[in-house]
$ cat data.cif   # mmCIF, C-alpha atoms and all ligand atoms
data_model
#
loop_
_atom_site.group_PDB
_atom_site.id
_atom_site.type_symbol
_atom_site.label_atom_id
_atom_site.label_comp_id
_atom_site.auth_asym_id
_atom_site.auth_seq_id
_atom_site.Cartn_x
_atom_site.Cartn_y
_atom_site.Cartn_z
ATOM 1 C CA GLU R 1 119.547 82.645 -129.827
ATOM 2 C CA TYR R 2 122.877 83.838 -128.507
ATOM 3 C CA ASN R 3 123.476 87.383 -127.440
ATOM 4 C CA THR R 4 125.584 87.769 -124.357
ATOM 5 C CA PHE R 5 129.224 87.566 -123.335
ATOM 6 C CA LYS R 6 128.306 84.432 -121.388
ATOM 7 C CA ASP R 7 126.977 82.819 -124.553
ATOM 8 C CA ALA R 8 130.279 83.640 -126.269
ATOM 9 C CA VAL R 9 132.238 81.941 -123.471
ATOM 10 C CA GLU R 10 129.989 78.890 -123.773
ATOM 11 C CA LEU R 11 130.510 78.737 -127.534
ATOM 12 C CA PHE R 12 134.303 78.920 -127.176
ATOM 13 C CA ARG R 13 134.122 76.131 -124.605
ATOM 14 C CA LYS R 14 132.047 73.728 -126.610
ATOM 15 C CA SER R 15 133.281 74.390 -130.181
ATOM 16 C CA LYS R 16 135.921 72.160 -131.710
ATOM 17 C CA ASN R 17 136.426 73.653 -135.161
ATOM 18 C CA ILE R 18 136.721 77.382 -134.703
ATOM 19 C CA LEU R 19 137.387 79.524 -137.746
ATOM 20 C CA ILE R 20 138.934 82.864 -136.828
ATOM 21 C CA LEU R 21 138.843 85.601 -139.444
ATOM 22 C CA THR R 22 141.203 88.433 -138.574
ATOM 23 C CA GLY R 23 141.892 91.899 -139.942
ATOM 24 C CA ALA R 24 144.107 94.867 -139.247
ATOM 25 C CA GLY R 25 142.405 95.517 -135.871
ATOM 26 C CA VAL R 26 144.319 92.665 -134.171
ATOM 27 C CA SER R 27 147.638 94.348 -135.009
ATOM 28 C CA VAL R 28 146.732 97.904 -133.995
ATOM 29 C CA ALA R 29 147.905 97.239 -130.422
ATOM 30 C CA CYS R 30 151.263 96.120 -131.876
ATOM 31 C CA GLY R 31 151.776 99.590 -133.327
ATOM 32 C CA ILE R 32 150.572 98.945 -136.887
ATOM 33 C CA PRO R 33 147.795 101.294 -137.988
ATOM 34 C CA ASP R 34 144.729 99.812 -139.708
ATOM 35 C CA PHE R 35 143.395 101.113 -143.031
ATOM 36 C CA ARG R 36 139.981 102.502 -142.527
ATOM 37 C CA SER R 37 139.875 103.948 -138.993
ATOM 38 C CA LYS R 38 140.055 107.699 -138.365
ATOM 39 C CA ASN R 39 143.795 107.462 -137.645
ATOM 40 C CA GLY R 40 144.317 104.737 -140.228
ATOM 41 C CA ILE R 41 146.655 104.612 -143.183
ATOM 42 C CA TYR R 42 144.039 105.722 -145.708
ATOM 43 C CA ALA R 43 143.325 108.980 -143.901
ATOM 44 C CA ARG R 44 147.028 109.840 -143.785
ATOM 45 C CA LEU R 45 147.710 108.936 -147.406
ATOM 46 C CA HIS R 46 144.891 111.177 -148.453
ATOM 47 C CA LYS R 47 146.823 114.109 -146.956
ATOM 48 C CA ASP R 48 150.353 113.045 -147.999
ATOM 49 C CA PHE R 49 149.601 111.886 -151.538
ATOM 50 C CA PRO R 50 146.863 114.044 -153.045
ATOM 51 C CA GLU R 51 147.818 112.613 -156.446
ATOM 52 C CA LEU R 52 146.446 109.188 -155.494
ATOM 53 C CA PRO R 53 143.063 108.752 -157.223
ATOM 54 C CA ASP R 54 141.926 107.269 -153.927
ATOM 55 C CA PRO R 55 144.030 106.007 -151.023
ATOM 56 C CA SER R 56 143.459 102.349 -151.817
ATOM 57 C CA SER R 57 145.142 102.823 -155.215
ATOM 58 C CA MET R 58 148.446 102.599 -153.335
ATOM 59 C CA PHE R 59 147.631 98.876 -153.228
ATOM 60 C CA ASP R 60 146.334 98.682 -156.781
ATOM 61 C CA ILE R 61 148.631 96.611 -158.955
ATOM 62 C CA ASP R 62 148.252 98.782 -162.077
ATOM 63 C CA PHE R 63 148.924 101.939 -160.095
ATOM 64 C CA PHE R 64 151.939 100.338 -158.373
ATOM 65 C CA LYS R 65 153.459 99.425 -161.754
ATOM 66 C CA LYS R 66 153.232 103.073 -162.796
ATOM 67 C CA ASN R 67 154.096 104.682 -159.471
ATOM 68 C CA PRO R 68 155.461 102.564 -156.602
ATOM 69 C CA ALA R 69 156.489 105.629 -154.547
ATOM 70 C CA PRO R 70 153.403 105.904 -152.304
ATOM 71 C CA PHE R 71 153.690 102.211 -151.434
ATOM 72 C CA TYR R 72 157.380 102.521 -150.594
ATOM 73 C CA ASN R 73 156.657 105.600 -148.538
ATOM 74 C CA PHE R 74 154.216 103.621 -146.427
ATOM 75 C CA ALA R 75 155.723 100.096 -146.374
ATOM 76 C CA ARG R 76 158.035 100.608 -143.399
ATOM 77 C CA GLU R 77 155.009 101.024 -141.156
ATOM 78 C CA ILE R 78 154.131 97.344 -141.586
ATOM 79 C CA PHE R 79 157.514 95.844 -142.471
ATOM 80 C CA PRO R 80 158.155 92.795 -140.246
ATOM 81 C CA GLY R 81 160.912 92.695 -137.680
ATOM 82 C CA GLN R 82 159.732 95.652 -135.626
ATOM 83 C CA PHE R 83 156.622 94.233 -133.977
ATOM 84 C CA THR R 84 155.532 91.563 -131.523
ATOM 85 C CA PRO R 85 152.160 89.767 -131.507
ATOM 86 C CA SER R 86 149.184 91.059 -129.536
ATOM 87 C CA LEU R 87 147.096 89.261 -126.962
ATOM 88 C CA SER R 88 144.611 88.535 -129.739
ATOM 89 C CA HIS R 89 147.278 86.683 -131.747
ATOM 90 C CA MET R 90 148.291 84.734 -128.635
ATOM 91 C CA PHE R 91 144.670 83.784 -127.976
ATOM 92 C CA ILE R 92 144.464 82.238 -131.457
ATOM 93 C CA LYS R 93 147.641 80.306 -130.687
ATOM 94 C CA PHE R 94 146.081 79.175 -127.411
ATOM 95 C CA LEU R 95 143.002 77.894 -129.284
ATOM 96 C CA GLU R 96 145.311 76.001 -131.624
ATOM 97 C CA GLU R 97 147.157 74.403 -128.726
ATOM 98 C CA SER R 98 143.815 73.461 -127.218
ATOM 99 C CA GLY R 99 142.927 71.593 -130.417
ATOM 100 C CA LYS R 100 140.013 73.923 -131.127
ATOM 101 C CA LEU R 101 141.311 75.965 -134.023
ATOM 102 C CA LEU R 102 140.145 74.865 -137.453
ATOM 103 C CA ARG R 103 141.979 77.735 -139.168
ATOM 104 C CA ASN R 104 142.966 81.371 -138.829
ATOM 105 C CA TYR R 105 142.239 83.243 -142.053
ATOM 106 C CA THR R 106 144.094 86.501 -141.782
ATOM 107 C CA GLN R 107 143.920 89.477 -144.098
ATOM 108 C CA ASN R 108 147.019 90.883 -142.465
ATOM 109 C CA ILE R 109 150.360 90.934 -144.192
ATOM 110 C CA ASP R 110 152.499 91.656 -141.152
ATOM 111 C CA THR R 111 153.419 87.967 -140.447
ATOM 112 C CA LEU R 112 152.474 88.331 -136.760
ATOM 113 C CA GLU R 113 150.462 85.084 -136.833
ATOM 114 C CA LYS R 114 153.571 83.126 -137.739
ATOM 115 C CA ILE R 115 155.638 85.035 -135.170
ATOM 116 C CA ALA R 116 152.994 84.053 -132.590
ATOM 117 C CA GLY R 117 153.600 80.446 -133.649
ATOM 118 C CA ILE R 118 150.179 79.825 -135.219
ATOM 119 C CA GLN R 119 150.522 76.983 -137.699
ATOM 120 C CA LYS R 120 146.982 76.652 -138.991
ATOM 121 C CA VAL R 121 146.997 80.060 -140.633
ATOM 122 C CA ILE R 122 146.179 81.158 -144.149
ATOM 123 C CA GLU R 123 147.680 84.510 -145.041
ATOM 124 C CA CYS R 124 144.900 85.361 -147.488
ATOM 125 C CA HIS R 125 146.598 88.472 -148.813
ATOM 126 C CA GLY R 126 150.101 87.059 -148.798
ATOM 127 C CA SER R 127 152.797 88.612 -146.650
ATOM 128 C CA PHE R 128 155.917 90.694 -146.560
ATOM 129 C CA SER R 129 158.170 87.690 -146.038
ATOM 130 C CA LYS R 130 159.233 87.399 -149.701
ATOM 131 C CA SER R 131 159.471 89.849 -152.594
ATOM 132 C CA THR R 132 159.481 89.393 -156.364
ATOM 133 C CA CYS R 133 160.899 91.525 -159.180
ATOM 134 C CA LEU R 134 158.098 92.825 -161.407
ATOM 135 C CA SER R 135 160.376 92.549 -164.402
ATOM 136 C CA CYS R 136 162.573 89.401 -164.199
ATOM 137 C CA LYS R 137 160.408 87.645 -161.538
ATOM 138 C CA ASN R 138 163.424 86.959 -159.318
ATOM 139 C CA GLU R 139 162.100 86.080 -155.827
ATOM 140 C CA VAL R 140 164.080 86.969 -152.726
ATOM 141 C CA ASP R 141 163.706 86.984 -148.969
ATOM 142 C CA SER R 142 162.354 90.427 -148.072
ATOM 143 C CA GLU R 143 165.420 90.962 -145.863
ATOM 144 C CA GLU R 144 167.013 92.045 -149.139
ATOM 145 C CA ILE R 145 164.674 94.997 -149.501
ATOM 146 C CA ARG R 146 164.678 95.936 -145.810
ATOM 147 C CA GLU R 147 167.197 98.750 -146.096
ATOM 148 C CA ASP R 148 165.300 100.430 -148.946
ATOM 149 C CA VAL R 149 161.944 100.005 -147.217
ATOM 150 C CA LEU R 150 163.183 101.500 -143.965
ATOM 151 C CA ALA R 151 164.734 104.405 -145.909
ATOM 152 C CA GLN R 152 161.403 104.851 -147.794
ATOM 153 C CA LYS R 153 163.177 104.271 -151.110
ATOM 154 C CA ILE R 154 161.789 102.296 -154.056
ATOM 155 C CA SER R 155 163.589 98.951 -154.059
ATOM 156 C CA TYR R 156 165.014 97.733 -157.383
ATOM 157 C CA CYS R 157 166.023 94.192 -158.314
ATOM 158 C CA LYS R 158 169.637 93.362 -157.528
ATOM 159 C CA LYS R 159 169.672 90.768 -160.295
ATOM 160 C CA CYS R 160 168.303 92.554 -163.365
ATOM 161 C CA LYS R 161 168.960 96.037 -161.892
ATOM 162 C CA THR R 162 165.873 97.542 -163.524
ATOM 163 C CA GLY R 163 162.713 95.922 -162.171
ATOM 164 C CA VAL R 164 160.843 97.228 -159.136
ATOM 165 C CA MET R 165 160.605 94.745 -156.252
ATOM 166 C CA LYS R 166 157.112 93.941 -155.034
ATOM 167 C CA PRO R 167 156.546 92.215 -151.695
ATOM 168 C CA ASN R 168 154.444 89.066 -152.137
ATOM 169 C CA ILE R 169 151.277 90.667 -150.860
ATOM 170 C CA VAL R 170 148.041 90.527 -152.815
ATOM 171 C CA PHE R 171 147.261 93.894 -154.352
ATOM 172 C CA PHE R 172 143.839 94.974 -155.585
ATOM 173 C CA GLY R 173 143.542 93.512 -159.073
ATOM 174 C CA GLU R 174 145.512 90.375 -158.180
ATOM 175 C CA ASP R 175 144.228 86.891 -157.409
ATOM 176 C CA LEU R 176 144.459 85.345 -153.976
ATOM 177 C CA GLY R 177 146.678 82.284 -153.967
ATOM 178 C CA ASP R 178 145.509 78.712 -154.560
ATOM 179 C CA ASP R 179 146.140 78.016 -150.868
ATOM 180 C CA PHE R 180 143.257 80.258 -149.914
ATOM 181 C CA HIS R 181 140.753 78.817 -152.390
ATOM 182 C CA GLU R 182 141.625 75.186 -151.697
ATOM 183 C CA GLN R 183 141.666 75.526 -147.916
ATOM 184 C CA ILE R 184 138.443 77.499 -147.589
ATOM 185 C CA SER R 185 136.492 75.051 -149.745
ATOM 186 C CA GLU R 186 137.694 72.273 -147.446
ATOM 187 C CA ASP R 187 137.084 74.187 -144.185
ATOM 188 C CA ILE R 188 133.722 75.707 -144.967
ATOM 189 C CA ASP R 189 131.792 72.528 -144.105
ATOM 190 C CA LYS R 190 133.752 71.772 -140.944
ATOM 191 C CA VAL R 191 133.473 75.046 -139.048
ATOM 192 C CA ASP R 192 131.314 75.000 -135.895
ATOM 193 C CA LEU R 193 132.023 78.573 -134.719
ATOM 194 C CA LEU R 194 133.113 81.590 -136.743
ATOM 195 C CA VAL R 195 134.764 84.554 -135.051
ATOM 196 C CA VAL R 196 135.592 87.802 -136.866
ATOM 197 C CA ILE R 197 138.177 89.939 -135.068
ATOM 198 C CA GLY R 198 139.241 93.478 -136.048
ATOM 199 C CA SER R 199 138.069 93.643 -139.634
ATOM 200 C CA SER R 200 135.739 95.976 -141.507
ATOM 201 C CA LEU R 201 134.884 93.041 -143.838
ATOM 202 C CA LYS R 202 135.173 95.278 -146.868
ATOM 203 C CA VAL R 203 137.664 93.326 -148.962
ATOM 204 C CA GLN R 204 136.334 90.412 -151.004
ATOM 205 C CA PRO R 205 136.540 87.469 -151.314
ATOM 206 C CA VAL R 206 137.667 87.115 -147.673
ATOM 207 C CA ALA R 207 134.767 89.309 -146.528
ATOM 208 C CA LEU R 208 132.358 86.760 -148.014
ATOM 209 C CA ILE R 209 133.450 83.882 -145.752
ATOM 210 C CA PRO R 210 130.895 84.666 -143.006
ATOM 211 C CA PHE R 211 128.110 84.739 -145.608
ATOM 212 C CA ASN R 212 129.099 81.415 -147.141
ATOM 213 C CA ILE R 213 128.935 79.163 -144.113
ATOM 214 C CA ASP R 214 125.904 77.227 -142.921
ATOM 215 C CA PRO R 215 123.483 79.727 -141.316
ATOM 216 C CA ASP R 216 123.161 77.432 -138.289
ATOM 217 C CA VAL R 217 126.819 77.925 -137.390
ATOM 218 C CA PRO R 218 127.060 80.627 -134.706
ATOM 219 C CA GLN R 219 129.105 83.745 -135.453
ATOM 220 C CA ILE R 220 130.775 86.247 -133.131
ATOM 221 C CA LEU R 221 132.094 89.706 -134.045
ATOM 222 C CA ILE R 222 134.834 91.218 -131.879
ATOM 223 C CA ASN R 223 135.441 94.728 -133.169
ATOM 224 C CA ARG R 224 135.609 98.378 -132.197
ATOM 225 C CA GLU R 225 132.614 99.206 -134.339
ATOM 226 C CA LEU R 226 129.486 97.555 -135.663
ATOM 227 C CA LEU R 227 129.528 96.569 -139.313
ATOM 228 C CA PRO R 228 126.292 97.663 -140.970
ATOM 229 C CA HIS R 229 126.399 94.927 -143.614
ATOM 230 C CA TYR R 230 127.216 92.070 -141.233
ATOM 231 C CA GLN R 231 124.855 90.755 -138.567
ATOM 232 C CA SER R 232 126.641 88.240 -136.347
ATOM 233 C CA ASP R 233 124.822 86.333 -133.598
ATOM 234 C CA ILE R 234 126.970 87.931 -130.914
ATOM 235 C CA LYS R 235 128.644 91.340 -131.096
ATOM 236 C CA LEU R 236 131.398 92.125 -128.591
ATOM 237 C CA LEU R 237 132.293 95.756 -129.147
ATOM 238 C CA GLY R 238 135.498 97.407 -127.976
ATOM 239 C CA ASN R 239 139.235 96.941 -128.064
ATOM 240 C CA CYS R 240 139.808 93.332 -129.150
ATOM 241 C CA ASP R 241 142.653 92.691 -126.682
ATOM 242 C CA ASP R 242 140.441 93.818 -123.752
ATOM 243 C CA ILE R 243 137.572 91.600 -124.898
ATOM 244 C CA ILE R 244 139.863 88.650 -125.506
ATOM 245 C CA LEU R 245 141.494 89.035 -122.108
ATOM 246 C CA ALA R 246 138.053 88.920 -120.506
ATOM 247 C CA LEU R 247 137.058 85.947 -122.655
ATOM 248 C CA SER R 248 140.190 83.963 -121.901
ATOM 249 C CA MET R 249 139.806 84.589 -118.177
ATOM 250 C CA ALA R 250 136.216 83.382 -118.363
ATOM 251 C CA ILE R 251 137.138 80.359 -120.472
ATOM 252 C CA GLY R 252 140.048 79.682 -118.150
ATOM 253 C CA GLY R 253 142.016 76.463 -118.038
ATOM 254 C CA GLU R 254 138.837 74.504 -118.647
ATOM 255 C CA ILE R 255 139.199 74.913 -122.367
ATOM 256 C CA LYS R 256 141.825 72.157 -122.370
ATOM 257 C CA ASP R 257 139.883 69.704 -120.251
ATOM 258 C CA GLU R 258 137.056 68.975 -122.661
HETATM 259 P P1 LIG M 1 140.264 97.800 -141.918
HETATM 260 O O1 LIG M 1 141.199 98.917 -141.601
HETATM 261 O O2 LIG M 1 139.350 97.963 -143.074
HETATM 262 O O3 LIG M 1 139.319 97.518 -140.654
HETATM 263 C C1 LIG M 1 139.840 97.354 -139.368
HETATM 264 C C2 LIG M 1 138.691 97.129 -138.410
HETATM 265 O O4 LIG M 1 139.224 96.838 -137.137
HETATM 266 C C3 LIG M 1 137.777 98.344 -138.272
HETATM 267 O O5 LIG M 1 136.434 97.939 -138.285
HETATM 268 C C4 LIG M 1 138.173 98.921 -136.906
HETATM 269 O O6 LIG M 1 137.105 99.542 -136.239
HETATM 270 C C5 LIG M 1 138.629 97.689 -136.177
HETATM 271 N N1 LIG M 1 139.639 97.927 -135.139
HETATM 272 C C6 LIG M 1 140.719 98.742 -135.186
HETATM 273 N N2 LIG M 1 141.440 98.645 -134.058
HETATM 274 C C7 LIG M 1 140.807 97.751 -133.271
HETATM 275 C C8 LIG M 1 141.044 97.228 -131.971
HETATM 276 N N3 LIG M 1 142.106 97.591 -131.249
HETATM 277 N N4 LIG M 1 140.158 96.327 -131.459
HETATM 278 C C9 LIG M 1 139.059 95.940 -132.176
HETATM 279 N N5 LIG M 1 138.792 96.405 -133.410
HETATM 280 C C10 LIG M 1 139.646 97.289 -133.950
HETATM 281 O O7 LIG M 1 141.134 96.478 -141.998
HETATM 282 P P2 LIG M 1 140.769 95.088 -142.674
HETATM 283 O O8 LIG M 1 139.331 94.772 -142.546
HETATM 284 O O9 LIG M 1 141.778 94.122 -142.222
HETATM 285 O O10 LIG M 1 141.036 95.506 -144.185
HETATM 286 C C11 LIG M 1 141.529 94.648 -145.007
HETATM 287 C C12 LIG M 1 142.912 95.066 -145.595
HETATM 288 O O11 LIG M 1 143.786 95.777 -144.761
HETATM 289 C C13 LIG M 1 143.618 93.802 -145.859
HETATM 290 O O12 LIG M 1 143.719 93.621 -147.210
HETATM 291 C C14 LIG M 1 144.990 93.884 -145.193
HETATM 292 O O13 LIG M 1 145.959 93.357 -146.028
HETATM 293 C C15 LIG M 1 145.150 95.327 -144.946
HETATM 294 N N6 LIG M 1 145.947 95.783 -143.779
HETATM 295 C C16 LIG M 1 146.771 94.956 -143.078
HETATM 296 C C17 LIG M 1 147.465 95.437 -141.987
HETATM 297 C C18 LIG M 1 148.371 94.494 -141.240
HETATM 298 O O14 LIG M 1 148.905 93.563 -141.830
HETATM 299 N N7 LIG M 1 148.539 94.690 -139.932
HETATM 300 C C19 LIG M 1 147.348 96.767 -141.596
HETATM 301 C C20 LIG M 1 146.494 97.615 -142.357
HETATM 302 C C21 LIG M 1 145.783 97.103 -143.433
#
$ encode --input "data.cif" --output "structure tokens"
Amino acid sequence: EYNTFKDAVELFRKSKNILILTGAGVSVACGIPDFRSKNGIYARLHKDFPELPDPSSMFDIDFFKKNPAPFYNFAREIFPGQFTPSLSHMFIKFLEESGKLLRNYTQNIDTLEKIAGIQKVIECHGSFSKSTCLSCKNEVDSEEIREDVLAQKISYCKKCKTGVMKPNIVFFGEDLGDDFHEQISEDIDKVDLLVVIGSSLKVQPVALIPFNIDPDVPQILINRELLPHYQSDIKLLGNCDDIILALSMAIGGEIKDE
């Protein structure tokens, strides 16, 4: 039975293979809105694009092929190069340096894990770092679409001149990469502590990770809100950076000594 902040500190101290599952909440402090909060992207799109069948269709691959405008209207809000990592990202890096991080599975596409220097990261939903032409499949560094994205213009392929460019992020209706499937099947038996930070756990298959690990492995949720469908052993509710600051102070330098 674990249920207090002190138990969480103890678990971070003793665990050696920590799996951290992150969502949009860890990047909110960096200035990137999440999806499903009151001030999130979905609420705004609902107002700005009444023609969207529902706000998530902006990230639906079939919808994007027909109408990429809503996506290109929004994309500059996440486009890399404008943001720096949060304390939560740096904490994950700290766990990695301490030899305690098994893997960071992130649902985020903002590349802030890599900017924070985290190496053991799986970008489950891809990222903005590269883009591919829907028509001729030409792949480029997303620097090439930066100008269009920042101007909220649909970006077309410079090679074939006709195809729409799509950042290499996983849309609804697309498969997650092999990297994800291979790594999670390897990691699932090694994890000795699972920590979910800043995610509503609504997007599968990533949302299933906590339900697929051995029930004896302790789980911690660090989030602004409770998740009705997910009962972790420990729930630390509030702003994740505040909680993580308190945790890292409590864990202190000792984390490296074990
Ligand atoms: P979500 O919007 O569904 O849920 C975010 C969760 O984080 C909510 O439960 C919210 O209460 C919580 N939260 C928000 N701010 C917080 C804070 N400061 N501290 C603690 N908790 C906080 O996001 P999700 O679960 O990641 O949804 C998955 C999809 O969202 C992914 O597919 C991802 O690609 C996409 N997304 C990514 C980004 C990004 O890359 N930064 C931003 C928005 C959405």
$ closest_residue --input "data.cif" --among "R:Thr106, R:Glu10, R:Asn168, R:Ala29" --to "Glu139 in chain R" --atoms "only C-alpha atoms"
R:Asn168
$ residues_around --input "data.cif" --residues "Gly25 in chain R" --least-positions-apart "4" --cutoff "7 Å" --atoms "only C-alpha atoms" --output "count of residues only"
3
$ closest_atom_pairs --input "data.cif" --of "range 193-243 of chain R" --to "range 170-187 of chain R" --cutoff "10 Å" --atoms "all atoms listed in the file" --output "Markdown table"
| residue | atom | partner | partner_atom | distance |
| --- | --- | --- | --- | --- |
| R:Val203 | CA | R:Phe172 | CA | 9.2 |
| R:Gln204 | CA | R:Phe172 | CA | 9.9 |
| R:Pro205 | CA | R:Leu176 | CA | 8.6 |
| R:Val206 | CA | R:Phe180 | CA | 9.1 |
| R:Ile209 | CA | R:Ile184 | CA | 8.3 |
| R:Ile213 | CA | R:Asp187 | CA | 9.5 |
$ residues_near_ligand --input "data.cif" --ligand "ligand LIG 1 (chain M)" --cutoff "7 Å" --atoms "all atoms listed in the file" --output "PyMOL selection string"
chain R and resi 22-29+32-37+40+78+107-110+125+197-203+222-225+238-241
$ resolve_selection --input "data.cif" --expression "the PyMOL selection byres (((chain R and resi 53-58) around 8) and not hetatm)" --output "list in words"
Tyr42, Ala43, Leu45, His46, Pro50, Glu51, Leu52, Phe59, Asp60, Phe63, Phe64, Pro68, Pro70, Phe71 and Phe172 of chain R
$ atom_distance --input "data.cif" --atom1 "CA of Leu95 in chain R" --atom2 "CA of Leu247 in chain R"
12.0 Å
$ resolve_selection --input "data.cif" --expression "the PyMOL selection byres (((chain R and resi 75) around 12) and not hetatm)" --output "ChimeraX atom specification"
/R:32-33,41,45,58-59,68-74,76-80,109-110,127-128,142,145-155,166-167,169
$ residues_near_point --input "data.cif" --point "(126.6, 93.7, -132.2)" --cutoff "12 Å" --atoms "all atoms listed in the file" --output "VMD selection string"
chain R and resid 2 to 5 196 219 to 238
$ atom_distance --input "data.cif" --atom1 "CA of Asp141 in chain R" --atom2 "CA of Ile122 in chain R"
19.1 Å
$ closest_residue --input "data.cif" --among "R:Asn104, R:Ser86, R:Asn17, R:Ser248" --to "Val121 in chain R" --atoms "all atoms listed in the file"
R:Asn104
$ axis_aligned_box --input "data.cif" --around "range 72-91 of chain R" --padding-each-side "6 Å" --output "lines of an AutoDock Vina configuration file"
center_x = 152.8
center_y = 94.7
center_z = -138.8
size_x = 28.3
size_y = 33.8
size_z = 35.6
$ atom_distance --input "data.cif" --atom1 "CA of Ala8 in chain R" --atom2 "CA of Lys120 in chain R"
22.1 Å
$ residues_around --input "data.cif" --residues "Asp189 in chain R" --least-positions-apart "6" --cutoff "10 Å" --atoms "all atoms listed in the file" --output "list in words"
Asn212, Ile213, Asp214 and Val217 of chain R
$ closest_residue --input "data.cif" --among "R:Gly163, R:Asp48, R:Cys157, R:Lys93" --to "Lys66 in chain R" --atoms "only C-alpha atoms"
R:Gly163
$ resolve_selection --input "data.cif" --expression "the PyMOL selection byres (((chain R and resi 97) around 12) and not hetatm)" --output "PyMOL selection string"
chain R and resi 16+90-96+98-102+116-120+255-256
$ closest_residue --input "data.cif" --among "R:Lys14, R:Lys190, R:Lys130, R:Lys47" --to "Arg103 in chain R" --atoms "all atoms listed in the file"
R:Lys190
$ closest_residue --input "data.cif" --among "R:Pro85, R:Gly252, R:Pro210, R:Pro218" --to "Lys114 in chain R" --atoms "only C-alpha atoms"
R:Pro85
$ closest_residue --input "data.cif" --among "R:Val140, R:Leu208, R:Leu21, R:Cys133" --to "Tyr105 in chain R" --atoms "all atoms listed in the file"
R:Leu21
$ build_atoms --input "data.cif" --residues "range 139-151 of chain R" --atoms "N, CA and C atoms" --output "mmCIF file, keeping the file's coordinate frame"
data_model
loop_
_atom_site.group_PDB
_atom_site.id
_atom_site.type_symbol
_atom_site.label_atom_id
_atom_site.label_comp_id
_atom_site.auth_asym_id
_atom_site.auth_seq_id
_atom_site.Cartn_x
_atom_site.Cartn_y
_atom_site.Cartn_z
ATOM 1 N N GLU R 139 162.721 86.016 -157.157
ATOM 2 C CA GLU R 139 162.100 86.080 -155.827
ATOM 3 C C GLU R 139 163.170 86.029 -154.752
ATOM 4 N N VAL R 140 163.075 86.922 -153.793
ATOM 5 C CA VAL R 140 164.080 86.969 -152.726
ATOM 6 C C VAL R 140 163.396 87.052 -151.364
ATOM 7 N N ASP R 141 164.153 86.734 -150.329
ATOM 8 C CA ASP R 141 163.706 86.984 -148.969
ATOM 9 C C ASP R 141 163.619 88.505 -148.800
ATOM 10 N N SER R 142 162.531 88.973 -148.162
ATOM 11 C CA SER R 142 162.354 90.427 -148.072
ATOM 12 C C SER R 142 163.421 91.129 -147.233
ATOM 13 N N GLU R 143 164.265 90.342 -146.541
ATOM 14 C CA GLU R 143 165.420 90.962 -145.863
ATOM 15 C C GLU R 143 166.222 91.792 -146.856
ATOM 16 N N GLU R 144 166.225 91.344 -148.115
ATOM 17 C CA GLU R 144 167.013 92.045 -149.139
ATOM 18 C C GLU R 144 166.472 93.423 -149.489
ATOM 19 N N ILE R 145 165.211 93.668 -149.185
ATOM 20 C CA ILE R 145 164.674 94.997 -149.501
ATOM 21 C C ILE R 145 164.520 95.855 -148.242
ATOM 22 N N ARG R 146 164.885 95.251 -147.083
ATOM 23 C CA ARG R 146 164.678 95.936 -145.810
ATOM 24 C C ARG R 146 165.263 97.352 -145.765
ATOM 25 N N GLU R 147 166.523 97.455 -146.198
ATOM 26 C CA GLU R 147 167.197 98.750 -146.096
ATOM 27 C C GLU R 147 166.444 99.829 -146.881
ATOM 28 N N ASP R 148 166.047 99.474 -148.113
ATOM 29 C CA ASP R 148 165.300 100.430 -148.946
ATOM 30 C C ASP R 148 163.974 100.791 -148.290
ATOM 31 N N VAL R 149 163.260 99.754 -147.811
ATOM 32 C CA VAL R 149 161.944 100.005 -147.217
ATOM 33 C C VAL R 149 162.070 100.943 -146.021
ATOM 34 N N LEU R 150 163.047 100.662 -145.162
ATOM 35 C CA LEU R 150 163.183 101.500 -143.965
ATOM 36 C C LEU R 150 163.608 102.923 -144.329
ATOM 37 N N ALA R 151 164.325 103.065 -145.457
ATOM 38 C CA ALA R 151 164.734 104.405 -145.909
ATOM 39 C C ALA R 151 163.667 105.051 -146.798
#
